[in-house]
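K.L.:
File work-v9.cif follows (mmCIF, C-alpha atoms):
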```cif
data_entry
#
loop_
_atom_site.label_atom_id
_atom_site.label_comp_id
_atom_site.auth_asym_id
_atom_site.auth_seq_id
_atom_site.Cartn_x
_atom_site.Cartn_y
_atom_site.Cartn_z
CA MET A 1 4.77 4.35 -132.30
CA ASP A 2 1.98 2.27 -130.85
CA ALA A 3 -0.94 0.83 -132.86
CA ALA A 4 -3.52 1.52 -130.14
CA VAL A 5 -2.40 5.14 -129.80
CA LEU A 6 -2.41 5.62 -133.58
CA ASP A 7 -5.89 4.15 -133.80
CA ARG A 8 -7.23 6.36 -131.01
CA ARG A 9 -5.77 9.50 -132.53
CA THR A 10 -7.15 8.60 -135.95
CA ARG A 11 -10.64 7.98 -134.63
CA THR A 12 -10.79 11.04 -132.39
CA HIS A 13 -8.62 13.45 -134.44
CA GLN A 14 -6.83 14.34 -131.20
CA GLU A 15 -3.08 14.81 -130.63
CA CYS A 16 -2.61 14.99 -134.41
CA LEU A 17 -3.19 17.26 -137.39
CA PRO A 18 -6.71 16.51 -138.68
CA PRO A 19 -6.93 15.51 -142.36
CA ASP A 20 -8.62 18.72 -143.54
CA LEU A 21 -5.85 20.80 -141.98
CA VAL A 22 -3.18 18.57 -143.54
CA GLU A 23 -4.69 19.17 -146.98
CA ARG A 24 -4.81 22.87 -146.25
CA LEU A 25 -1.13 22.95 -145.28
CA LEU A 26 -0.23 21.23 -148.53
CA ALA A 27 -2.37 23.69 -150.50
CA LEU A 28 -0.62 26.60 -148.75
CA GLY A 29 2.80 25.24 -149.74
CA HIS A 30 3.83 23.80 -146.37
CA ALA A 31 4.73 20.33 -147.63
CA ASP A 32 7.87 20.42 -145.48
CA VAL A 33 5.72 20.61 -142.34
CA VAL A 34 3.59 17.66 -143.43
CA ARG A 35 6.69 15.63 -144.29
CA ALA A 36 8.32 16.40 -140.95
CA GLN A 37 5.28 15.24 -139.00
CA ALA A 38 4.90 12.14 -141.19
CA LEU A 39 8.48 11.11 -140.41
CA ALA A 40 8.44 12.13 -136.74
CA GLU A 41 9.31 9.44 -134.21
CA ASP A 42 5.85 9.71 -132.69
CA GLY A 43 4.35 9.95 -136.16
CA ASP A 44 1.23 11.75 -137.29
CA TRP A 45 -0.88 9.33 -139.34
CA PHE A 46 -2.82 11.85 -141.42
CA CYS A 47 0.43 13.57 -142.39
CA ALA A 48 2.02 10.22 -143.23
CA ARG A 49 -0.94 9.17 -145.35
CA ALA A 50 -1.02 12.46 -147.25
CA TRP A 51 2.75 12.47 -147.81
CA ALA A 52 2.77 8.84 -148.96
CA ARG A 53 -0.04 9.52 -151.42
CA LEU A 54 1.82 12.56 -152.72
CA LEU A 55 4.94 10.50 -153.35
CA SER A 56 2.92 7.70 -154.91
CA GLY A 57 1.25 10.19 -157.24
CA ARG A 58 4.72 11.23 -158.38
CA GLY A 59 5.58 7.61 -159.17
CA ASP A 60 7.79 7.17 -156.10
CA THR A 61 6.19 4.04 -154.67
CA PRO A 62 9.34 2.98 -152.75
CA GLY A 63 9.46 6.39 -151.08
CA ALA A 64 5.77 6.20 -150.19
CA LEU A 65 6.19 2.76 -148.66
CA ALA A 66 9.21 3.95 -146.69
CA VAL A 67 7.03 6.66 -145.14
CA LEU A 68 4.45 4.07 -144.09
CA ALA A 69 6.99 1.48 -142.89
CA PRO A 70 7.15 2.60 -139.23
CA TYR A 71 3.36 2.61 -139.03
CA LEU A 72 3.21 -0.85 -140.62
CA ALA A 73 5.73 -2.11 -138.10
CA THR A 74 3.24 -1.47 -135.28
CA GLY A 75 0.90 -4.12 -136.72
CA TRP A 76 -1.84 -1.54 -137.32
CA CYS A 77 -4.43 -2.67 -139.87
CA THR A 78 -5.18 0.84 -141.17
CA ALA A 79 -1.56 1.32 -142.21
CA ALA A 80 -1.53 -2.06 -143.96
CA GLU A 81 -4.66 -1.17 -145.92
CA GLU A 82 -3.17 2.13 -147.05
CA ALA A 83 0.08 0.49 -148.09
CA ALA A 84 -1.88 -2.19 -149.96
CA ARG A 85 -3.77 0.44 -151.93
CA LEU A 86 -0.53 2.13 -152.95
CA LEU A 87 0.99 -1.19 -153.98
CA ASP A 88 -2.10 -2.09 -155.97
CA ALA A 89 -2.02 1.29 -157.73
CA ALA A 90 1.61 0.57 -158.65
CA GLY A 91 0.67 -2.79 -160.19
CA ARG A 92 2.01 -4.82 -157.28
CA ALA A 93 -1.24 -6.55 -156.36
CA GLU A 94 0.40 -9.74 -155.07
CA GLU A 95 2.41 -7.79 -152.50
CA ALA A 96 -0.70 -5.83 -151.55
CA ALA A 97 -2.62 -9.05 -150.94
CA GLY A 98 0.22 -10.38 -148.83
CA LEU A 99 0.02 -7.35 -146.56
CA LEU A 100 -3.72 -7.74 -146.05
CA LEU A 101 -3.90 -11.50 -145.61
CA PRO A 102 -2.85 -11.69 -141.92
CA PHE A 103 -5.43 -9.08 -140.96
CA ALA A 104 -8.15 -10.75 -143.04
CA ARG A 105 -7.42 -14.06 -141.35
CA GLY A 106 -7.79 -12.27 -138.03
CA GLY A 107 -11.31 -11.17 -138.97
CA GLU A 108 -10.65 -7.48 -139.70
CA ARG A 109 -13.61 -6.74 -141.92
CA SER A 110 -12.05 -3.75 -143.71
CA ALA A 111 -9.05 -5.94 -144.59
CA LEU A 112 -11.39 -8.72 -145.72
CA ARG A 113 -13.24 -6.36 -148.03
CA GLU A 114 -10.06 -4.87 -149.46
CA LEU A 115 -8.49 -8.29 -149.96
CA ALA A 116 -11.63 -9.57 -151.72
CA ARG A 117 -11.54 -6.59 -154.06
CA LEU A 118 -7.88 -7.22 -154.81
CA SER A 119 -8.47 -10.91 -155.45
CA ALA A 120 -11.28 -10.13 -157.90
CA ARG A 121 -9.05 -7.65 -159.72
CA ARG A 122 -6.39 -10.34 -160.03
CA GLY A 123 -8.83 -12.71 -161.72
CA ARG A 124 -9.41 -14.68 -158.55
CA ALA A 125 -13.09 -13.96 -157.98
CA GLU A 126 -13.67 -17.51 -156.74
CA GLU A 127 -11.11 -17.00 -154.00
CA ALA A 128 -12.67 -13.68 -153.07
CA TYR A 129 -16.12 -15.24 -152.91
CA ALA A 130 -14.90 -18.07 -150.70
CA LEU A 131 -13.12 -15.54 -148.47
CA LEU A 132 -16.24 -13.49 -147.83
CA LEU A 133 -18.94 -16.17 -147.81
CA PRO A 134 -18.49 -17.08 -144.11
CA HIS A 135 -19.21 -13.41 -143.33
CA ILE A 136 -22.52 -13.17 -145.18
CA GLY A 137 -24.19 -11.97 -141.97
CA ASN A 138 -22.11 -8.79 -141.92
CA TRP A 139 -23.76 -6.02 -143.96
CA TYR A 140 -20.41 -4.40 -144.81
CA LEU A 141 -19.06 -7.60 -146.34
CA ALA A 142 -22.36 -8.79 -147.80
CA GLU A 143 -22.33 -5.92 -150.31
CA PRO A 144 -19.13 -6.96 -152.16
CA LEU A 145 -20.20 -10.60 -151.73
CA ALA A 146 -23.37 -9.87 -153.69
CA ASP A 147 -21.31 -8.27 -156.48
CA LEU A 148 -19.06 -11.32 -156.65
CA ALA A 149 -22.00 -13.73 -156.65
CA VAL A 150 -23.64 -12.03 -159.63
CA GLY A 151 -20.33 -11.79 -161.50
CA LEU A 152 -19.66 -15.50 -160.96
CA GLY A 153 -23.15 -16.52 -162.07
CA ARG A 154 -24.07 -17.56 -158.55
CA GLY A 155 -26.85 -15.06 -158.11
CA ASP A 156 -29.55 -17.67 -157.52
CA ALA A 157 -27.58 -19.48 -154.84
CA PHE A 158 -26.73 -16.22 -153.08
CA ALA A 159 -30.33 -15.02 -153.35
CA GLY A 160 -31.45 -18.29 -151.73
CA MET A 161 -29.10 -17.72 -148.80
CA LEU A 162 -30.39 -14.19 -148.34
CA THR A 163 -34.01 -15.35 -148.51
CA GLU A 164 -33.40 -17.86 -145.74
CA ARG A 165 -32.11 -15.03 -143.58
CA ILE A 166 -35.15 -12.86 -144.29
CA LEU A 167 -38.02 -15.33 -143.94
CA PRO A 168 -40.04 -15.28 -140.69
CA GLY A 169 -39.21 -18.08 -138.29
CA ARG A 170 -35.56 -18.26 -139.23
CA PRO A 171 -33.17 -18.84 -136.33
CA CYS A 172 -31.79 -15.57 -135.00
CA GLY A 173 -28.11 -15.18 -135.80
CA ARG A 174 -27.42 -13.88 -132.28
CA CYS A 175 -29.61 -15.86 -129.90
CA GLY A 176 -30.56 -18.87 -132.06
CA GLY A 177 -34.27 -18.48 -131.26
CA ARG A 178 -36.97 -18.71 -133.92
CA ASP A 179 -39.31 -16.20 -132.30
CA CYS A 180 -36.77 -13.40 -132.14
CA THR A 181 -37.91 -10.22 -133.88
CA ARG A 182 -34.45 -8.91 -134.65
CA GLU A 183 -33.82 -7.58 -138.14
CA PRO A 184 -32.34 -9.91 -140.76
CA GLU A 185 -28.61 -10.52 -140.75
CA PRO A 186 -27.18 -8.91 -142.76
CA SER A 187 -29.36 -5.90 -142.03
CA ASN A 188 -29.32 -4.99 -145.75
CA ALA A 189 -30.46 -8.46 -146.84
CA VAL A 190 -33.70 -7.26 -148.46
CA ALA A 191 -32.00 -4.51 -150.47
CA LEU A 192 -29.22 -6.89 -151.55
CA LEU A 193 -31.70 -9.55 -152.62
CA ALA A 194 -33.59 -7.03 -154.74
CA SER A 195 -30.30 -5.77 -156.19
CA VAL A 196 -29.25 -9.28 -157.18
CA ARG A 197 -32.57 -9.90 -158.94
CA GLU A 198 -32.38 -6.56 -160.74
CA ARG A 199 -28.87 -7.25 -162.00
CA GLN A 200 -30.04 -10.64 -163.20
CA GLY A 201 -32.65 -8.87 -165.30
CA ARG A 202 -35.47 -10.15 -163.11
CA THR A 203 -36.87 -6.77 -162.12
CA ASP A 204 -40.38 -8.05 -161.37
CA GLU A 205 -38.89 -10.30 -158.70
CA ALA A 206 -36.87 -7.37 -157.36
CA PHE A 207 -40.08 -5.39 -156.92
CA GLN A 208 -41.78 -8.37 -155.27
CA VAL A 209 -38.95 -8.60 -152.73
CA LEU A 210 -39.12 -4.93 -151.78
CA TYR A 211 -42.91 -4.85 -151.55
CA ALA A 212 -43.09 -8.10 -149.60
CA TYR A 213 -40.38 -7.53 -147.03
CA GLY A 214 -40.35 -3.75 -146.82
CA SER A 215 -37.97 -1.22 -148.29
CA VAL A 216 -35.80 0.15 -145.48
CA PRO A 217 -34.10 3.46 -146.38
CA VAL A 218 -30.33 3.72 -145.95
CA ASN A 219 -28.68 7.15 -145.93
CA ASP A 220 -32.07 8.65 -146.80
CA ARG A 221 -32.30 6.51 -149.93
CA ASP A 222 -35.26 4.16 -150.34
CA PRO A 223 -34.30 1.07 -152.44
CA LEU A 224 -37.84 0.71 -153.78
CA ALA A 225 -38.06 4.36 -154.79
CA GLU A 226 -34.66 4.15 -156.50
CA LEU A 227 -35.71 1.01 -158.39
CA LEU A 228 -38.97 2.61 -159.49
CA VAL A 229 -37.01 5.56 -160.90
CA ARG A 230 -34.52 3.33 -162.71
CA GLN A 231 -37.36 1.37 -164.28
CA GLY A 232 -39.31 4.50 -165.22
CA ARG A 233 -42.36 3.56 -163.14
CA ILE A 234 -43.05 7.10 -162.00
CA ASP A 235 -46.80 6.77 -161.46
CA GLU A 236 -46.08 3.87 -159.14
CA LEU A 237 -43.55 6.04 -157.30
CA ARG A 238 -46.19 8.74 -156.87
CA THR A 239 -48.54 6.20 -155.31
CA TYR A 240 -45.81 4.84 -153.04
CA ALA A 241 -44.90 8.33 -151.82
CA ALA A 242 -48.46 9.59 -151.50
CA ASP A 243 -49.22 8.57 -147.91
CA GLY A 244 -46.14 10.32 -146.54
CA GLY A 245 -45.07 7.23 -144.65
CA HIS A 246 -42.03 6.91 -146.90
CA PRO A 247 -40.21 10.27 -146.65
CA ALA A 248 -37.21 9.06 -148.64
CA ALA A 249 -39.58 8.21 -151.51
CA VAL A 250 -41.07 11.71 -151.31
CA ARG A 251 -37.58 13.15 -151.53
CA ARG A 252 -36.66 10.97 -154.52
CA LEU A 253 -39.82 11.95 -156.39
CA ALA A 254 -39.16 15.64 -155.68
CA GLU A 255 -35.58 15.29 -156.91
CA LEU A 256 -36.83 13.64 -160.10
CA LEU A 257 -39.32 16.43 -160.71
CA GLU A 258 -36.60 19.03 -160.17
CA GLU A 259 -34.25 17.18 -162.55
CA ARG A 260 -36.98 17.32 -165.19
CA GLY A 261 -37.46 21.04 -164.71
CA ASP A 262 -40.76 20.76 -162.85
CA VAL A 263 -39.74 22.88 -159.87
CA ALA A 264 -43.35 23.86 -159.19
CA GLY A 265 -44.30 20.18 -158.95
CA ALA A 266 -41.45 19.49 -156.53
CA VAL A 267 -42.46 22.47 -154.38
CA GLU A 268 -46.07 21.33 -154.33
CA LEU A 269 -45.02 17.81 -153.37
CA TYR A 270 -42.94 18.97 -150.42
CA ARG A 271 -45.66 21.37 -149.28
CA ALA A 272 -48.11 18.49 -149.20
CA HIS A 273 -45.87 16.60 -146.76
CA THR A 274 -44.56 19.37 -144.51
CA GLY A 275 -46.78 18.33 -141.63
CA HIS A 276 -45.82 14.66 -141.60
CA PRO A 277 -43.89 13.67 -138.45
CA LEU A 278 -41.71 11.09 -140.23
CA GLY A 279 -40.06 13.43 -142.67
CA HIS A 280 -38.13 16.68 -142.84
CA ALA A 281 -39.91 18.12 -145.86
CA GLN A 282 -39.69 21.69 -144.56
CA ALA A 283 -35.91 21.68 -144.65
CA LEU A 284 -35.82 20.01 -148.08
CA LEU A 285 -38.38 22.48 -149.42
CA ALA A 286 -36.35 25.40 -148.10
CA GLU A 287 -33.19 24.04 -149.75
CA LEU A 288 -35.07 23.59 -153.03
CA LEU A 289 -36.37 27.15 -152.93
CA VAL A 290 -32.89 28.54 -152.16
CA ARG A 291 -31.40 26.60 -155.09
CA HIS A 292 -33.83 28.37 -157.38
CA GLY A 293 -33.30 31.87 -156.03
CA ARG A 294 -36.40 31.94 -153.85
CA GLY A 295 -34.75 32.55 -150.50
CA ASP A 296 -37.55 34.79 -149.19
CA GLU A 297 -40.04 31.95 -149.65
CA ALA A 298 -37.62 29.56 -147.94
CA ILE A 299 -37.54 31.84 -144.90
CA GLU A 300 -41.32 31.77 -144.65
CA VAL A 301 -41.34 27.98 -144.91
CA LEU A 302 -38.94 27.61 -141.98
CA ARG A 303 -40.49 30.43 -139.97
CA ALA A 304 -43.91 28.80 -140.22
CA ARG A 305 -42.59 25.75 -138.43
CA GLU A 306 -42.19 25.66 -134.64
CA THR A 307 -38.51 26.47 -134.50
CA SER A 308 -37.70 24.90 -131.18
CA ASP A 309 -35.26 22.47 -132.75
CA ASP A 310 -31.73 23.74 -133.25
CA CYS A 311 -31.29 22.53 -136.84
CA THR A 312 -34.29 24.43 -138.18
CA LEU A 313 -33.40 27.54 -136.23
CA ASP A 314 -29.81 27.43 -137.45
CA ARG A 315 -30.96 27.14 -141.09
CA LEU A 316 -33.41 29.97 -140.62
CA CYS A 317 -30.85 32.35 -139.13
CA ARG A 318 -28.34 31.60 -141.88
CA LEU A 319 -31.05 32.34 -144.44
CA PHE A 320 -31.95 35.63 -142.77
CA ALA A 321 -28.30 36.70 -143.06
CA ALA A 322 -27.87 35.43 -146.64
CA GLU A 323 -31.02 37.23 -147.82
CA GLY A 324 -30.04 40.56 -146.25
CA ARG A 325 -32.76 40.28 -143.61
CA ALA A 326 -30.56 40.04 -140.52
CA GLU A 327 -32.64 42.56 -138.55
CA GLU A 328 -35.71 40.37 -139.04
CA GLY A 329 -33.66 37.41 -137.85
CA LEU A 330 -32.77 39.26 -134.67
CA ALA A 331 -36.42 40.12 -134.08
CA HIS A 332 -37.33 36.46 -134.56
CA LEU A 333 -34.77 35.42 -131.93
CA ASP A 334 -36.06 38.14 -129.57
CA ALA A 335 -39.59 36.78 -129.83
CA LEU A 336 -38.38 33.23 -129.31
CA ALA A 337 -36.38 34.19 -126.22
CA GLU A 338 -39.42 36.00 -124.82
CA ARG A 339 -41.58 32.90 -125.31
CA ARG A 340 -38.99 30.73 -123.62
CA GLY A 341 -38.54 33.16 -120.76
CA LYS A 342 -34.78 33.27 -121.15
CA GLU A 343 -32.06 33.38 -123.79
CA GLU A 344 -29.97 30.21 -123.72
CA TRP A 345 -26.49 30.32 -125.17
CA GLU A 346 -27.75 28.56 -128.32
CA LEU A 347 -29.93 31.57 -129.14
CA LEU A 348 -27.11 33.99 -128.40
CA ARG A 349 -24.76 31.92 -130.59
CA LEU A 350 -27.19 32.36 -133.49
CA ARG A 351 -27.55 36.05 -132.69
CA GLY A 352 -23.82 36.71 -133.17
CA PRO A 353 -23.60 36.25 -136.98
CA LEU A 354 -26.82 38.23 -137.43
CA LEU A 355 -25.42 41.13 -135.41
CA ALA A 356 -22.20 40.92 -137.42
CA ALA A 357 -24.22 41.04 -140.64
CA CYS A 358 -25.74 44.28 -139.36
CA GLY A 359 -22.28 45.72 -138.67
CA ARG A 360 -22.65 45.23 -134.91
CA LEU A 361 -19.92 42.70 -134.20
CA ASP A 362 -18.68 44.57 -131.11
CA GLU A 363 -22.18 44.37 -129.67
CA ALA A 364 -22.17 40.62 -130.26
CA VAL A 365 -18.89 40.36 -128.34
CA ARG A 366 -20.29 42.38 -125.42
CA GLN A 367 -23.46 40.31 -125.26
CA ALA A 368 -21.47 37.08 -125.30
CA GLY A 369 -19.26 38.28 -122.47
CA ALA A 370 -22.27 39.25 -120.36
CA HIS A 371 -24.12 35.96 -120.83
CA PRO A 372 -24.06 33.51 -117.88
CA GLU A 373 -22.56 30.85 -120.14
CA GLY A 374 -20.19 33.26 -121.87
CA GLY A 375 -17.13 31.92 -120.08
CA SER A 376 -17.78 28.27 -120.86
CA PRO A 377 -15.37 26.51 -123.25
CA TYR A 378 -18.02 26.04 -125.94
CA ALA A 379 -19.15 29.68 -125.76
CA VAL A 380 -15.56 30.94 -125.98
CA GLU A 381 -14.97 28.81 -129.07
CA ASP A 382 -18.20 30.01 -130.70
CA LEU A 383 -17.18 33.63 -130.16
CA ALA A 384 -13.64 33.00 -131.38
CA ARG A 385 -14.94 31.45 -134.60
CA LEU A 386 -17.22 34.45 -135.12
CA LEU A 387 -14.30 36.86 -134.69
CA ALA A 388 -12.06 34.82 -136.98
CA ASP A 389 -14.76 34.63 -139.65
CA HIS A 390 -14.87 38.42 -139.68
CA GLY A 391 -11.13 38.97 -139.94
CA ARG A 392 -10.35 39.55 -136.26
CA ARG A 393 -8.14 36.50 -135.81
CA GLU A 394 -5.75 38.01 -133.27
CA GLU A 395 -8.67 38.69 -130.94
CA ALA A 396 -9.88 35.14 -131.48
CA VAL A 397 -6.46 33.81 -130.51
CA ALA A 398 -6.41 36.00 -127.40
CA LEU A 399 -9.73 34.49 -126.33
CA LEU A 400 -8.55 30.93 -126.83
CA ASP A 401 -5.11 31.44 -125.29
CA THR A 402 -6.62 31.04 -121.82
CA ASP A 403 -6.38 27.25 -122.28
CA ARG A 404 -4.64 26.43 -125.51
CA VAL A 405 -4.77 22.65 -125.21
CA GLU A 406 -8.50 22.56 -124.47
CA HIS A 407 -9.22 24.86 -127.41
CA GLY A 408 -6.67 23.33 -129.75
CA ARG A 409 -9.12 22.07 -132.36
CA THR A 410 -10.50 25.59 -132.84
CA LEU A 411 -7.29 27.52 -132.27
CA GLY A 412 -5.04 25.46 -134.57
CA PRO A 413 -6.67 26.44 -137.90
CA ILE A 414 -6.80 30.10 -136.83
CA LEU A 415 -3.05 30.05 -136.11
CA VAL A 416 -2.49 28.54 -139.57
CA ASP A 417 -4.49 31.40 -141.11
CA LEU A 418 -2.18 33.82 -139.28
CA GLY A 419 0.89 32.05 -140.67
CA ARG A 420 1.91 30.74 -137.24
CA ILE A 421 2.35 27.21 -138.54
CA ASP A 422 4.85 25.93 -135.98
CA GLU A 423 2.62 27.07 -133.12
CA ALA A 424 -0.40 25.34 -134.66
CA VAL A 425 1.48 22.07 -135.17
CA ALA A 426 2.94 22.07 -131.68
CA LEU A 427 -0.46 22.78 -130.17
CA LEU A 428 -2.36 20.09 -132.10
CA ARG A 429 0.33 17.50 -131.42
CA THR A 430 0.39 18.18 -127.67
CA PRO A 431 -0.70 15.08 -125.72
CA LEU A 432 -3.92 15.59 -123.84
CA PRO A 433 -3.91 15.09 -120.07
CA PRO A 434 -5.10 11.59 -119.12
CA VAL A 435 -8.73 11.25 -118.10
CA PRO A 436 -8.93 9.86 -114.56
CA PRO A 437 -10.98 6.67 -114.21
CA PRO A 438 -14.42 7.13 -112.65
CA SER A 439 -14.68 6.52 -108.93
CA PRO A 440 -17.63 4.88 -107.11
CA ALA A 441 -18.54 8.31 -105.79
CA ASP A 442 -19.36 9.40 -109.35
CA TYR A 443 -22.35 7.04 -109.46
CA SER A 444 -25.64 6.86 -107.59
CA ASP A 445 -28.80 4.80 -107.83
CA CYS A 446 -30.83 7.45 -106.03
CA PRO A 447 -32.25 10.59 -107.60
CA PRO A 448 -30.99 13.08 -108.54
CA PHE A 449 -28.62 10.87 -110.51
#
```
What would the structure in this file look like if it were written as structure tokens?
P.N.:
Amino acid sequence: MDAAVLDRRTRTHQECLPPDLVERLLALGHADVVRAQALAEDGDWFCARAWARLLSGRGDTPGALAVLAPYLATGWCTAAEEAARLLDAAGRAEEAAGLLLPFARGGERSALRELARLSARRGRAEEAYALLLPHIGNWYLAEPLADLAVGLGRGDAFAGMLTERILPGRPCGRCGGRDCTREPEPSNAVALLASVRERQGRTDEAFQVLYAYGSVPVNDRDPLAELLVRQGRIDELRTYAADGGHPAAVRRLAELLEERGDVAGAVELYRAHTGHPLGHAQALLAELLVRHGRGDEAIEVLRARETSDDCTLDRLCRLFAAEGRAEEGLAHLDALAERRGKEEWELLRLRGPLLAACGRLDEAVRQAGAHPEGGSPYAVEDLARLLADHGRREEAVALLDTDRVEHGRTLGPILVDLGRIDEAVALLRTPLPPVPPPSPADYSDCPPF
């Protein structure tokens, strides 16, 4: 085994069994297959991880560690972190910390975070704080650092350090200049500062921070909107969301109204913001309507929008099929293709499930084969998935057999569904041909590029 190869396979899910398929094999009773791949000389990490966790769950920590030992021997940080978690779960925190320490010293941030968590659990919060403090500029490590600071009663000192990194005129952490307009480092400094103040019981100061420096949404969650909800300041949330410039706040207010049973209020709120360019209120409104059995209204919401973007069009076509209005969906795609002057593969891809919903799957297959892009790898995979979804897996396999390795990610799960487990494993574990390095002839500084 080689750490670089393991890392590449884990990141790309290539030349290995992907984690969802590993879980599926276990659920289907093929634990022997997972075990064999975990223990193979050129091991499969996702199989090894799943098998080790299975053994650990049975109380066999030594067996679990034995599975991970060859991976650990490569010096791969991911394997060390997994082994440390299993050791910690078995009450062997000191050994877990010992595994992580070399990687933490080398600056591996995931190892640093895991080691800090372990140290805090062992009653060594001071050590954990000292370990992470030099990395305050890293958003991933600043989060647990904030937790430690509050727990140790050092909230004020930590808040002061964050404030220095937020204030205008501070030296940039990358270039050292004072006029640099880069975002604070860590990038979540404002949200962390507000969080520290809130946990200290100083909520007015938390609000001041978010209003003064701006509340930047993360994962579609607005820290100011969340704080307003936690503090019950709903009228203030309404005002904050009113201009539409804070779409995450609009979403949070709509969620709150729905939680309180005011579906009509949530619908009205989304409708008021459907034209704002910063948000995606149409999609959220459609999802809300579907949740409450109003799929026909959801279709009209999405159809009223210019459906040139793929996401909206995909949602709309799925809704047409789910609501038993597949023929209308086909007519909508016909009109769109006429406006565009041609039918790209993306439109034909969406047409396939609608035709299948109308009992016209064979027609979908014929149309796909006749399309100019019908022989492309992506089109073949789309058609194979459509056939497999409608119980015609052997035909799907026949389509993908033209180049098994290229289509392995799509073909593998279909072979598993057919009970051809060994074939699926062999295919997914087949090394991909090396990609040749680019040559100077591949580049040009003259148009067309």
K.L.:
Give me, as a list in words, all polymer residues having an atom no more than 9 Å from Tyr270 (chain A), counting all atoms listed in the file and skipping those fewer than 4 positions away in the same chain.
P.N.:
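So the residues in contact are Val250, Arg251, Ala254, Gly265, Ala266, Thr274, Ala281, Gln282, Leu284 and Leu285 of chain A.
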K.L.:
Return the single residue from A:Arg315, A:Tyr211, A:Ala89, A:Gly29 that is closest to Ser56 (chain A), with distances computed using only C-alpha atoms.
P.N.:
A:Ala89
K.L.:
Counting only C-alpha atoms, what is within 12 Å of region 287-290 of chain A, bar same-chain residues fewer than 2 positions away, as a PyMOL selection string?
P.N.:
chain A and resi 251+254-255+257-259+262-271+280-285+292-302+312+315-316+318-320+322-323
K.L.:
Going by the chain IDs and residue numbers used in this file, which residues fall under the PyMOL selection byres ((chain A and resi 55) around 12)? Write them as a list in words.
P.N.:
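Applying the expression gives Ala31, Arg35, Ala48, Arg49, Ala50, Trp51, Ala52, Arg53, Leu54, Ser56, Gly57, Arg58, Gly59, Asp60, Thr61, Pro62, Gly63, Ala64, Leu65, Ala66, Val67, Leu68, Leu86 and Ala90 of chain A.
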K.L.:
So how far away is CA of Leu224 (chain A) from CA of Val196 (chain A), in Å?
P.N.:
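Distance between the two atoms: 13.6 Å.
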K.L.:
Could you tell me how far CA of Ala379 (chain A) lies from CA of Pro19 (chain A), in Å and to one decimal?
P.N.:
25.0 Å
K.L.:
Using all atoms listed in the file, give me every residue within 12 Å of (-26.5, -5.7, -165.1) in file coordinates, as a list in words.
P.N.:
Asp147, Val150, Gly151, Gly153, Gly155, Ser195, Val196, Arg197, Glu198, Arg199, Gln200, Gly201, Arg202 and Thr203 of chain A
K.L.:
Restricting the output to C-alpha atoms, write the selected residues as a PDB file, keeping the file's coordinate frame.
P.N.:
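The file below, again32.pdb, is the result:
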```
ATOM      1  CA  ASP A 147     -21.310  -8.270-156.480  1.00  0.00           C
ATOM      2  CA  VAL A 150     -23.640 -12.030-159.630  1.00  0.00           C
ATOM      3  CA  GLY A 151     -20.330 -11.790-161.500  1.00  0.00           C
ATOM      4  CA  GLY A 153     -23.150 -16.520-162.070  1.00  0.00           C
ATOM      5  CA  GLY A 155     -26.850 -15.060-158.110  1.00  0.00           C
ATOM      6  CA  SER A 195     -30.300  -5.770-156.190  1.00  0.00           C
ATOM      7  CA  VAL A 196     -29.250  -9.280-157.180  1.00  0.00           C
ATOM      8  CA  ARG A 197     -32.570  -9.900-158.940  1.00  0.00           C
ATOM      9  CA  GLU A 198     -32.380  -6.560-160.740  1.00  0.00           C
ATOM     10  CA  ARG A 199     -28.870  -7.250-162.000  1.00  0.00           C
ATOM     11  CA  GLN A 200     -30.040 -10.640-163.200  1.00  0.00           C
ATOM     12  CA  GLY A 201     -32.650  -8.870-165.300  1.00  0.00           C
ATOM     13  CA  ARG A 202     -35.470 -10.150-163.110  1.00  0.00           C
ATOM     14  CA  THR A 203     -36.870  -6.770-162.120  1.00  0.00           C
TER      15      THR A 203
END
```
K.L.:
Selected by the PyMOL selection byres ((chain A and resi 210) around 12) in the shown coordinates: which residues, as a ChimeraX atom specification?
P.N.:
/A:166,188-195,197-198,203-209,211-217,222-228,240
K.L.:
For region 327-338 of chain A, find every residue with an atom within 7 Å (counting only C-alpha atoms), except residues of its own chain fewer than 2 positions away, and show them as a PyMOL selection string.
P.N.:
chain A and resi 317+320+325+340-343+347+351+354
K.L.:
Go ahead and compute the interatomic distance for CA of Asp310 (chain A) and CA of Arg252 (chain A), in Å to one decimal.
P.N.:
25.3 Å
K.L.:
At a cut-off of 7 Å around the point (-7.2, 19.0, -136.5) (file coordinates), what residues fall inside when counting only C-alpha atoms? I'd like the answer as a ChimeraX atom specification.
P.N.:
/A:13,16-19,21,409,428
K.L.:
Looking at only C-alpha atoms, which of A:Leu355, A:Val5, A:Leu112, A:Ala149 is the one that sits closest to Thr74 (chain A)?
P.N.:
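Checking each candidate against Thr74 (chain A), we get A:Val5 as the closest.
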K.L.:
Could you tell me which residues the PyMOL selection byres ((chain A and resi 117-124) around 9) returns for this structure, as a count of residues only?
P.N.:
17
K.L.:
Rank nothing, just name the residue among A:Val33, A:Gly275, A:Glu164, A:Asn219 nearest to Glu423 (chain A), using all atoms listed in the file.
P.N.:
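Counting all atoms listed in the file, the residue closest to Glu423 (chain A) is A:Val33.
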K.L.:
Which one is closest to Gly408 (chain A): A:Ala69, A:Leu313, A:Leu427, A:Ala4? Count all atoms listed in the file.
P.N.:
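Comparing A:Ala69, A:Leu313, A:Leu427, A:Ala4 against Gly408 (chain A), the winner is A:Leu427.
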K.L.:
List the neighbours of Asp44 (chain A) out to 9 Å using only C-alpha atoms; skip same-chain residues closer than 3 positions along the sequence, and give me the result as a list in words.
P.N.:
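Result of the neighbour search: Leu6, Arg9, Glu15, Cys16, Leu17, Val34, Gln37, Ala38, Leu39, Ala40, Glu41, Cys47, Ala48, Arg49 and Arg429 of chain A.
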